[in-house]
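Source file: start-v2.txt; contents: compact mmCIF, C-alpha atoms.
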# COMPACT_ATOMS: atom_id res chain seq x y z
CA MET A 12 0.00 0.00 0.00
CA ALA A 13 1.34 3.43 -0.92
CA LEU A 14 1.70 6.04 1.81
CA ILE A 15 -1.60 7.88 2.35
CA ILE A 16 -1.52 11.54 3.40
CA PRO A 17 -5.06 12.64 4.35
CA ASP A 18 -6.14 16.13 3.35
CA ASP A 19 -6.07 18.66 6.22
CA TYR A 20 -5.08 16.03 8.79
CA ARG A 21 -5.26 17.24 12.39
CA GLN A 22 -4.20 15.25 15.43
CA LYS A 23 -7.05 14.48 17.80
CA LEU A 24 -4.56 14.13 20.66
CA MET A 25 -1.09 15.58 21.19
CA PRO A 26 1.81 13.14 21.70
CA GLU A 27 1.77 13.33 25.51
CA SER A 28 -1.97 12.68 25.68
CA THR A 29 -1.63 9.97 23.06
CA GLU A 30 0.82 8.04 25.26
CA GLN A 31 -1.69 8.09 28.14
CA ALA A 32 -4.51 7.04 25.84
CA ILE A 33 -2.46 4.11 24.49
CA GLN A 34 -2.01 2.77 28.01
CA LEU A 35 -5.72 3.23 28.75
CA LEU A 36 -6.85 1.39 25.61
CA LYS A 37 -4.41 -1.50 25.93
CA THR A 38 -5.27 -2.12 29.58
CA PHE A 39 -9.02 -1.88 28.97
CA PHE A 40 -9.05 -4.11 25.89
CA GLN A 41 -7.02 -6.96 27.31
CA GLU A 42 -9.06 -7.02 30.51
CA LYS A 43 -12.28 -7.24 28.50
CA LEU A 44 -10.82 -9.89 26.17
CA THR A 45 -9.71 -12.00 29.13
CA LYS A 46 -13.18 -12.01 30.68
CA SER A 47 -15.17 -12.45 27.49
CA LEU A 48 -13.18 -15.36 26.05
CA ARG A 49 -12.06 -16.77 29.44
CA LEU A 50 -8.35 -16.43 28.82
CA ARG A 51 -5.37 -16.24 31.15
CA ARG A 52 -2.16 -14.40 30.45
CA ILE A 53 1.12 -16.25 29.85
CA THR A 54 4.65 -15.16 28.96
CA ALA A 55 5.70 -15.49 25.32
CA PRO A 56 9.06 -15.98 23.58
CA LEU A 57 10.61 -13.40 21.28
CA PHE A 58 12.38 -16.14 19.31
CA VAL A 59 12.23 -19.90 18.74
CA LEU A 60 14.67 -22.47 17.35
CA SER A 61 14.77 -22.78 13.57
CA GLY A 62 13.75 -26.06 11.97
CA THR A 63 11.08 -27.00 14.49
CA GLY A 64 8.07 -25.85 12.47
CA ILE A 65 6.84 -23.77 15.41
CA ASN A 66 7.24 -20.33 13.83
CA ASP A 67 4.41 -18.91 11.74
CA ASP A 68 5.10 -18.78 7.99
CA LEU A 69 2.45 -16.06 7.39
CA ASN A 70 2.14 -15.91 3.58
CA GLY A 71 5.03 -18.33 3.18
CA ILE A 72 7.43 -15.81 1.64
CA GLU A 73 8.41 -13.54 4.55
CA ARG A 74 11.94 -14.11 5.86
CA ALA A 75 12.38 -14.51 9.60
CA VAL A 76 15.12 -12.53 11.34
CA LYS A 77 17.69 -15.18 12.35
CA PHE A 78 20.76 -15.40 14.57
CA ASN A 79 23.15 -18.06 15.85
CA ILE A 80 23.44 -19.04 19.51
CA LYS A 81 27.11 -19.20 20.51
CA CYS A 82 26.73 -21.43 23.58
CA MET A 83 24.57 -23.95 21.66
CA ASP A 84 27.14 -24.77 18.97
CA ASP A 85 25.85 -21.92 16.81
CA ARG A 86 22.40 -23.47 16.54
CA GLN A 87 20.11 -21.07 14.72
CA ALA A 88 17.16 -19.25 16.25
CA GLU A 89 14.64 -16.94 14.60
CA VAL A 90 12.46 -14.08 15.79
CA VAL A 91 8.81 -15.11 15.78
CA HIS A 92 6.44 -13.88 13.08
CA SER A 93 3.51 -14.75 15.30
CA LEU A 94 2.73 -17.42 17.91
CA ALA A 95 -0.09 -19.28 16.18
CA LYS A 96 1.41 -22.75 16.65
CA TRP A 97 3.35 -22.07 19.84
CA LYS A 98 0.15 -21.06 21.66
CA ARG A 99 -1.58 -24.30 20.72
CA MET A 100 1.34 -26.28 22.10
CA LYS A 101 1.00 -24.33 25.37
CA LEU A 102 -2.69 -25.20 25.60
CA GLY A 103 -1.60 -28.84 25.61
CA ASP A 104 1.34 -28.31 27.97
CA TYR A 105 -0.88 -26.58 30.55
CA GLY A 106 -3.82 -28.94 30.07
CA ILE A 107 -6.28 -26.10 29.50
CA PRO A 108 -9.78 -27.57 29.09
CA ALA A 109 -12.34 -26.72 26.42
CA GLY A 110 -13.95 -23.33 26.94
CA TYR A 111 -10.79 -21.74 28.33
CA GLY A 112 -7.61 -20.40 26.83
CA LEU A 113 -4.61 -18.12 27.03
CA TYR A 114 -3.32 -14.86 25.63
CA THR A 115 0.01 -13.13 25.50
CA ASP A 116 1.77 -9.99 24.31
CA MET A 117 3.46 -10.97 21.05
CA ASN A 118 6.31 -8.83 19.73
CA ALA A 119 7.90 -9.52 16.37
CA ILE A 120 10.20 -8.09 13.73
CA ARG A 121 9.08 -8.38 10.13
CA SER A 122 11.96 -7.09 8.03
CA ASP A 123 10.23 -7.76 4.68
CA GLU A 124 7.31 -5.39 5.34
CA ASP A 125 6.64 -2.54 2.90
CA LEU A 126 6.50 0.39 5.30
CA ASP A 127 3.42 2.60 5.06
CA ASN A 128 0.56 3.90 7.22
CA LEU A 129 -0.39 0.43 8.47
CA HIS A 130 2.80 -1.64 8.22
CA SER A 131 5.84 -1.43 10.47
CA LEU A 132 9.02 -3.43 11.02
CA TYR A 133 7.81 -3.86 14.59
CA VAL A 134 4.67 -5.89 15.25
CA ASP A 135 2.85 -5.92 18.57
CA GLN A 136 -0.35 -7.86 19.05
CA TRP A 137 -2.40 -9.81 21.52
CA ASP A 138 -2.04 -13.44 20.49
CA TRP A 139 -4.75 -15.64 21.97
CA GLU A 140 -5.72 -19.31 21.76
CA LYS A 141 -8.64 -21.24 23.23
CA THR A 142 -9.33 -24.96 23.58
CA ILE A 143 -12.54 -26.14 21.88
CA THR A 144 -14.46 -29.37 21.36
CA ALA A 145 -14.90 -31.22 18.07
CA GLU A 146 -18.50 -29.94 17.92
CA GLN A 147 -17.26 -26.35 18.15
CA ARG A 148 -15.19 -26.67 14.99
CA SER A 149 -17.99 -24.92 13.14
CA LEU A 150 -18.85 -21.71 11.35
CA ASP A 151 -21.39 -20.83 14.05
CA TYR A 152 -18.76 -21.00 16.77
CA LEU A 153 -16.35 -18.93 14.70
CA LYS A 154 -19.00 -16.25 14.20
CA LYS A 155 -19.92 -16.30 17.88
CA THR A 156 -16.30 -15.63 18.81
CA VAL A 157 -15.95 -12.85 16.25
CA ARG A 158 -19.05 -11.17 17.68
CA GLN A 159 -17.59 -11.38 21.18
CA ILE A 160 -14.44 -9.61 20.02
CA TYR A 161 -16.42 -7.05 18.04
CA THR A 162 -18.49 -6.22 21.12
CA ILE A 163 -15.27 -5.39 22.97
CA LEU A 164 -14.12 -3.18 20.08
CA ARG A 165 -17.31 -1.17 20.36
CA GLU A 166 -16.78 -0.87 24.10
CA VAL A 167 -13.28 0.49 23.44
CA GLU A 168 -14.78 3.00 21.03
CA GLN A 169 -17.26 4.13 23.69
CA LEU A 170 -14.48 4.41 26.27
CA VAL A 171 -12.54 6.72 23.95
CA TYR A 172 -15.64 8.86 23.37
CA ASP A 173 -16.35 9.10 27.11
CA ARG A 174 -12.78 10.23 27.79
CA TYR A 175 -12.27 12.31 24.64
CA PRO A 176 -15.71 13.50 23.38
CA HIS A 177 -14.24 15.10 20.27
CA ILE A 178 -13.32 11.59 19.00
CA THR A 179 -16.70 10.35 17.85
CA PRO A 180 -17.68 6.68 17.29
CA SER A 181 -17.98 5.31 13.75
CA LEU A 182 -18.46 1.55 14.03
CA PRO A 183 -21.83 -0.02 13.12
CA GLU A 184 -23.78 -1.97 15.73
CA GLU A 185 -23.14 -5.31 14.00
CA ILE A 186 -20.26 -6.80 12.07
CA THR A 187 -21.11 -8.24 8.62
CA PHE A 188 -19.91 -11.74 7.64
CA ILE A 189 -18.87 -12.31 4.02
CA HIS A 190 -17.06 -15.29 2.54
CA SER A 191 -14.13 -14.46 0.28
CA GLU A 192 -15.91 -16.24 -2.59
CA GLU A 193 -19.04 -14.13 -2.05
CA LEU A 194 -16.84 -11.04 -2.05
CA LEU A 195 -15.40 -12.10 -5.39
CA GLN A 196 -18.90 -12.49 -6.83
CA MET A 197 -19.97 -9.12 -5.41
CA TYR A 198 -16.99 -7.27 -6.89
CA PRO A 199 -15.53 -9.23 -9.83
CA GLY A 200 -12.69 -7.90 -11.93
CA ILE A 201 -10.83 -6.08 -9.16
CA SER A 202 -8.12 -7.11 -6.70
CA PRO A 203 -8.81 -8.66 -3.27
CA ARG A 204 -7.63 -5.46 -1.54
CA GLU A 205 -10.02 -3.40 -3.66
CA ARG A 206 -12.85 -5.81 -2.82
CA GLU A 207 -12.07 -5.47 0.88
CA ALA A 208 -12.16 -1.69 0.61
CA LYS A 209 -15.53 -1.62 -1.14
CA ALA A 210 -17.13 -4.00 1.36
CA ALA A 211 -15.58 -2.29 4.39
CA GLU A 212 -16.79 1.12 3.22
CA LYS A 213 -20.29 -0.24 2.54
CA PHE A 214 -20.77 -2.11 5.84
CA GLY A 215 -18.33 -0.36 8.20
CA ALA A 216 -17.10 -3.59 9.78
CA ILE A 217 -16.73 -6.97 8.07
CA PHE A 218 -15.36 -10.43 8.75
CA ILE A 219 -14.07 -12.07 5.59
CA ILE A 220 -14.30 -15.87 5.87
CA GLY A 221 -12.16 -18.47 4.14
CA ILE A 222 -8.80 -16.82 3.54
CA GLY A 223 -6.05 -19.05 2.20
CA GLY A 224 -7.88 -21.38 -0.16
CA GLU A 225 -8.30 -21.05 -3.92
CA LEU A 226 -11.37 -19.17 -5.16
CA SER A 227 -13.45 -19.84 -8.27
CA ASN A 228 -11.19 -17.57 -10.34
CA GLY A 229 -8.18 -19.75 -9.52
CA GLU A 230 -6.67 -17.20 -7.15
CA LYS A 231 -6.48 -16.81 -3.38
CA HIS A 232 -8.00 -13.88 -1.56
CA ASP A 233 -4.78 -13.82 0.47
CA GLY A 234 -2.12 -16.29 1.51
CA ARG A 235 -2.27 -18.32 4.69
CA ALA A 236 0.18 -20.89 5.99
CA PRO A 237 -1.19 -24.45 5.71
CA ASP A 238 -0.57 -25.50 9.29
CA TYR A 239 -2.55 -23.27 11.64
CA ASP A 240 -5.85 -21.82 10.31
CA ASP A 241 -8.36 -24.19 8.70
CA TRP A 242 -9.13 -22.70 5.28
CA SER A 243 -10.10 -25.95 3.52
CA THR A 244 -12.94 -27.56 5.50
CA LEU A 245 -16.43 -27.22 4.02
CA ASN A 246 -18.53 -25.00 6.31
CA ALA A 247 -22.28 -24.72 6.96
CA ASP A 248 -22.70 -22.01 4.30
CA GLY A 249 -21.37 -24.30 1.58
CA PHE A 250 -17.98 -22.62 1.24
CA ASN A 251 -14.54 -23.72 2.35
CA GLY A 252 -12.89 -22.27 5.42
CA LEU A 253 -13.28 -21.72 9.16
CA ASN A 254 -11.04 -18.68 9.45
CA GLY A 255 -10.97 -15.04 8.45
CA ASP A 256 -10.05 -11.41 9.08
CA ILE A 257 -11.77 -8.62 11.00
CA ILE A 258 -11.65 -5.55 8.76
CA LEU A 259 -12.95 -2.10 9.66
CA TRP A 260 -13.47 0.99 7.52
CA ASN A 261 -10.87 3.59 8.44
CA ASP A 262 -12.51 6.99 7.94
CA VAL A 263 -9.24 8.87 8.46
CA LEU A 264 -7.34 7.08 5.67
CA LYS A 265 -10.46 6.11 3.68
CA CYS A 266 -9.31 2.51 3.38
CA ALA A 267 -9.95 -1.00 4.65
CA PHE A 268 -8.23 -1.60 7.98
CA GLU A 269 -7.36 -5.15 9.04
CA LEU A 270 -7.36 -5.44 12.81
CA SER A 271 -7.33 -9.18 13.41
CA SER A 272 -6.60 -12.46 11.68
CA MET A 273 -8.13 -15.47 13.40
CA GLY A 274 -9.78 -18.81 12.94
CA ILE A 275 -10.47 -22.34 14.00
CA ARG A 276 -7.21 -24.24 13.76
CA VAL A 277 -6.52 -27.30 11.63
CA ASP A 278 -7.34 -30.77 12.86
CA LYS A 279 -5.49 -33.81 11.51
CA LYS A 280 -7.56 -34.07 8.34
CA ALA A 281 -7.32 -30.36 7.51
CA LEU A 282 -3.58 -30.31 8.19
CA GLU A 283 -2.92 -33.24 5.85
CA THR A 284 -5.15 -31.69 3.18
CA GLN A 285 -3.57 -28.25 3.40
CA LEU A 286 0.00 -29.53 3.44
CA GLU A 287 -0.77 -31.48 0.28
CA ILE A 288 -2.47 -28.52 -1.43
CA SER A 289 0.45 -26.27 -0.49
CA GLY A 290 3.03 -28.74 -1.77
CA CYS A 291 4.80 -29.29 1.54
CA PRO A 292 3.74 -32.70 2.93
CA GLU A 293 7.26 -33.15 4.31
CA ARG A 294 6.38 -30.75 7.13
CA SER A 295 4.44 -33.59 8.75
CA SER A 296 7.75 -34.78 10.24
CA LEU A 297 8.37 -31.50 12.11
CA GLU A 298 7.87 -31.24 15.87
CA PHE A 299 4.58 -29.30 15.87
CA HIS A 300 3.04 -31.24 13.00
CA LYS A 301 3.90 -34.64 14.47
CA ALA A 302 2.31 -33.65 17.76
CA LEU A 303 -0.90 -32.66 16.00
CA LEU A 304 -1.04 -35.76 13.83
CA GLU A 305 -0.46 -37.95 16.88
CA ASP A 306 -3.35 -36.35 18.82
CA ARG A 307 -1.03 -34.68 21.32
CA LEU A 308 -2.46 -31.20 20.74
CA PRO A 309 -5.96 -29.95 21.64
CA LEU A 310 -8.44 -28.63 19.10
CA SER A 311 -8.43 -24.85 19.25
CA ILE A 312 -9.47 -21.47 17.92
CA GLY A 313 -7.20 -18.46 18.06
CA GLY A 314 -5.87 -15.33 16.47
CA GLY A 315 -3.93 -12.13 16.76
CA ILE A 316 -5.23 -8.60 17.40
CA GLY A 317 -2.94 -5.71 16.57
CA GLN A 318 -2.21 -3.54 19.60
CA SER A 319 -0.80 -0.54 17.74
CA ARG A 320 -3.46 -0.90 15.07
CA LEU A 321 -6.21 -0.88 17.68
CA CYS A 322 -4.81 2.33 19.22
CA MET A 323 -4.28 3.89 15.81
CA PHE A 324 -7.87 3.20 14.74
CA PHE A 325 -9.68 4.37 17.86
CA LEU A 326 -7.48 7.43 18.43
CA LYS A 327 -8.02 8.43 14.77
CA LYS A 328 -4.35 8.44 13.83
CA ALA A 329 -3.16 8.60 10.23
CA HIS A 330 0.00 6.51 10.69
CA ILE A 331 0.90 3.57 12.90
CA GLY A 332 4.13 5.42 13.74
CA GLU A 333 2.02 7.86 15.78
CA VAL A 334 1.31 5.11 18.34
CA GLN A 335 4.53 3.05 18.27
CA ALA A 336 8.26 3.71 18.05
CA SER A 337 9.89 2.15 15.01
CA ILE A 338 12.17 2.92 12.05
CA TRP A 339 10.89 4.68 8.93
CA PRO A 340 12.44 5.83 5.64
CA GLU A 341 13.71 9.42 5.87
CA GLU A 342 11.50 10.51 2.99
CA GLN A 343 8.42 9.09 4.74
CA ILE A 344 9.28 10.89 7.97
CA LYS A 345 9.66 14.13 6.02
CA GLN A 346 6.36 13.70 4.14
CA CYS A 347 4.50 12.96 7.35
CA LYS A 348 5.99 15.87 9.27
CA GLU A 349 5.01 18.29 6.53
CA LYS A 350 1.36 17.18 6.95
CA ASN A 351 1.23 17.28 10.77
CA ILE A 352 1.76 13.53 11.18
CA ASN A 353 4.33 13.24 13.97
CA LEU A 354 5.97 9.81 14.13
CA LEU A 355 7.24 8.67 17.54
Go through the file and emit its structure as structure tokens.
Amino acid sequence: MALIIPDDYRQKLMPESTEQAIQLLKTFFQEKLTKSLRLRRITAPLFVLSGTGINDDLNGIERAVKFNIKCMDDRQAEVVHSLAKWKRMKLGDYGIPAGYGLYTDMNAIRSDEDLDNLHSLYVDQWDWEKTITAEQRSLDYLKKTVRQIYTILREVEQLVYDRYPHITPSLPEEITFIHSEELLQMYPGISPREREAKAAEKFGAIFIIGIGGELSNGEKHDGRAPDYDDWSTLNADGFNGLNGDIILWNDVLKCAFELSSMGIRVDKKALETQLEISGCPERSSLEFHKALLEDRLPLSIGGGIGQSRLCMFFLKKAHIGEVQASIWPEEQIKQCKEKNINLL
């Protein structure tokens, strides 16, 4: 995405007030998330050993930041992309029963990101995972969980309005569910990102289902690794996929704004299917994959929710660099400063 400079942009909060508001929003949201989804907080790693299959491959092309460990015979470690698989292993390690789960503060470095209003080298999100039953591996349960999270988002929006009345709410009462195939039929002939933008602007808040599998035009809406979200299982609506993204309409940037990627995780059948479709069946011998195929991991649902993105959206910021400290190209810093966008 190219850098967006809104016309006549004015900060709703000055930097000092913004820092206080960030703390308020983060504390409020995670407390609400914990109670609503029945999660407990755990400590997360910044890096994992390479070659274990535990790290998240995202779209499958992003390079992890790697380093060698001197005291372990130069064995290689890599900074996490996310904790999708690690969290599921922890559910098993801690014996967390169905209906309960965990969450953590996930910090990552994604050196291959194209830096713009929404994308940074530094990623901070709440990663959460919850144990479920076989019966809950359904579209209905996925939608129920999305609605729970969306309710909290609206509560955050109200909190901001109560504290800062000049920042007015914009989210609709309900989130709209759309499968990626339905989105293709609604808006044929344009790119997935353009389809997201049109739907987000029309409905205000959407959850796009089934991201990762091939659509009727032979393309994917977006890439997903084959070994965490289930994007291949036939759901109750007659489409494939039990995962998706929460996308809001950003009225500052006038664009679609992805806040969360989440879904019901693969079971044995879905893992085998998706590894085969993705051309990497050899992964079944890796540590995580063997544990799943041998029934040593619980069934689960989980996702990530961007912390800086949440603050950026509800505080009406034009750039993610206004709510987090990172590194930006000099030209981007200059462009932003000229338009009253002050990067931390």
Would you list the contacts of Ser191 of chain A as a PDB file with C-alpha atoms, keeping the file's coordinate frame, taking every protein, DNA or RNA residue within 8 Å and counting all atoms listed in the file, but skipping same-chain residues closer than 3 positions in sequence?
ATOM      1  CA  LEU A 194     -16.840 -11.040  -2.050  1.00  0.00           C
ATOM      2  CA  LEU A 195     -15.400 -12.100  -5.390  1.00  0.00           C
ATOM      3  CA  ILE A 219     -14.070 -12.070   5.590  1.00  0.00           C
ATOM      4  CA  ILE A 220     -14.300 -15.870   5.870  1.00  0.00           C
ATOM      5  CA  GLY A 221     -12.160 -18.470   4.140  1.00  0.00           C
ATOM      6  CA  ILE A 222      -8.800 -16.820   3.540  1.00  0.00           C
ATOM      7  CA  LEU A 226     -11.370 -19.170  -5.160  1.00  0.00           C
ATOM      8  CA  HIS A 232      -8.000 -13.880  -1.560  1.00  0.00           C
TER       9      HIS A 232
END
*asked:* Could you tell me how far atom CA of Cys266 of chain A sits from atom CA of Glu205 of chain A, in Å to one decimal place?
replied: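 Calculated distance between atom CA of Glu205 of chain A and atom CA of Cys266 of chain A is 9.2 Å.
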*What is the distance, in Å and to one decimal place, between atom CA of Tyr111 of chain A and atom CA of Thr284 of chain A?*
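Atom-to-atom, atom CA of Tyr111 of chain A and atom CA of Thr284 of chain A are spaced 27.6 Å apart.
With distances restricted to only C-alpha atoms, A:Asp278 is the closest residue to Arg307 of chain A from A:Ala88, A:Gly249, A:Asp278, A:Glu192.
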_Residue contacts of Val76 of chain A (8 Å, only C-alpha atoms) excluding same-chain residues fewer than 2 positions away, as a PyMOL selection string_ = chain A and resi 74+78+89-90+120-122
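Between atom CA of Arg174 of chain A and atom CA of Ile352 of chain A there is a distance of 22.3 Å.
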*Just the residues within 10 Å of Leu14 of chain A, please, counting only C-alpha atoms, with nothing from its chain fewer than 2 positions along; format it as a list in words.*
Met12, Ile16, Pro17, Asp125, Leu126, Asp127, Asn128, Leu129, Leu264, His330, Gln343, Gln346 and Cys347 of chain A
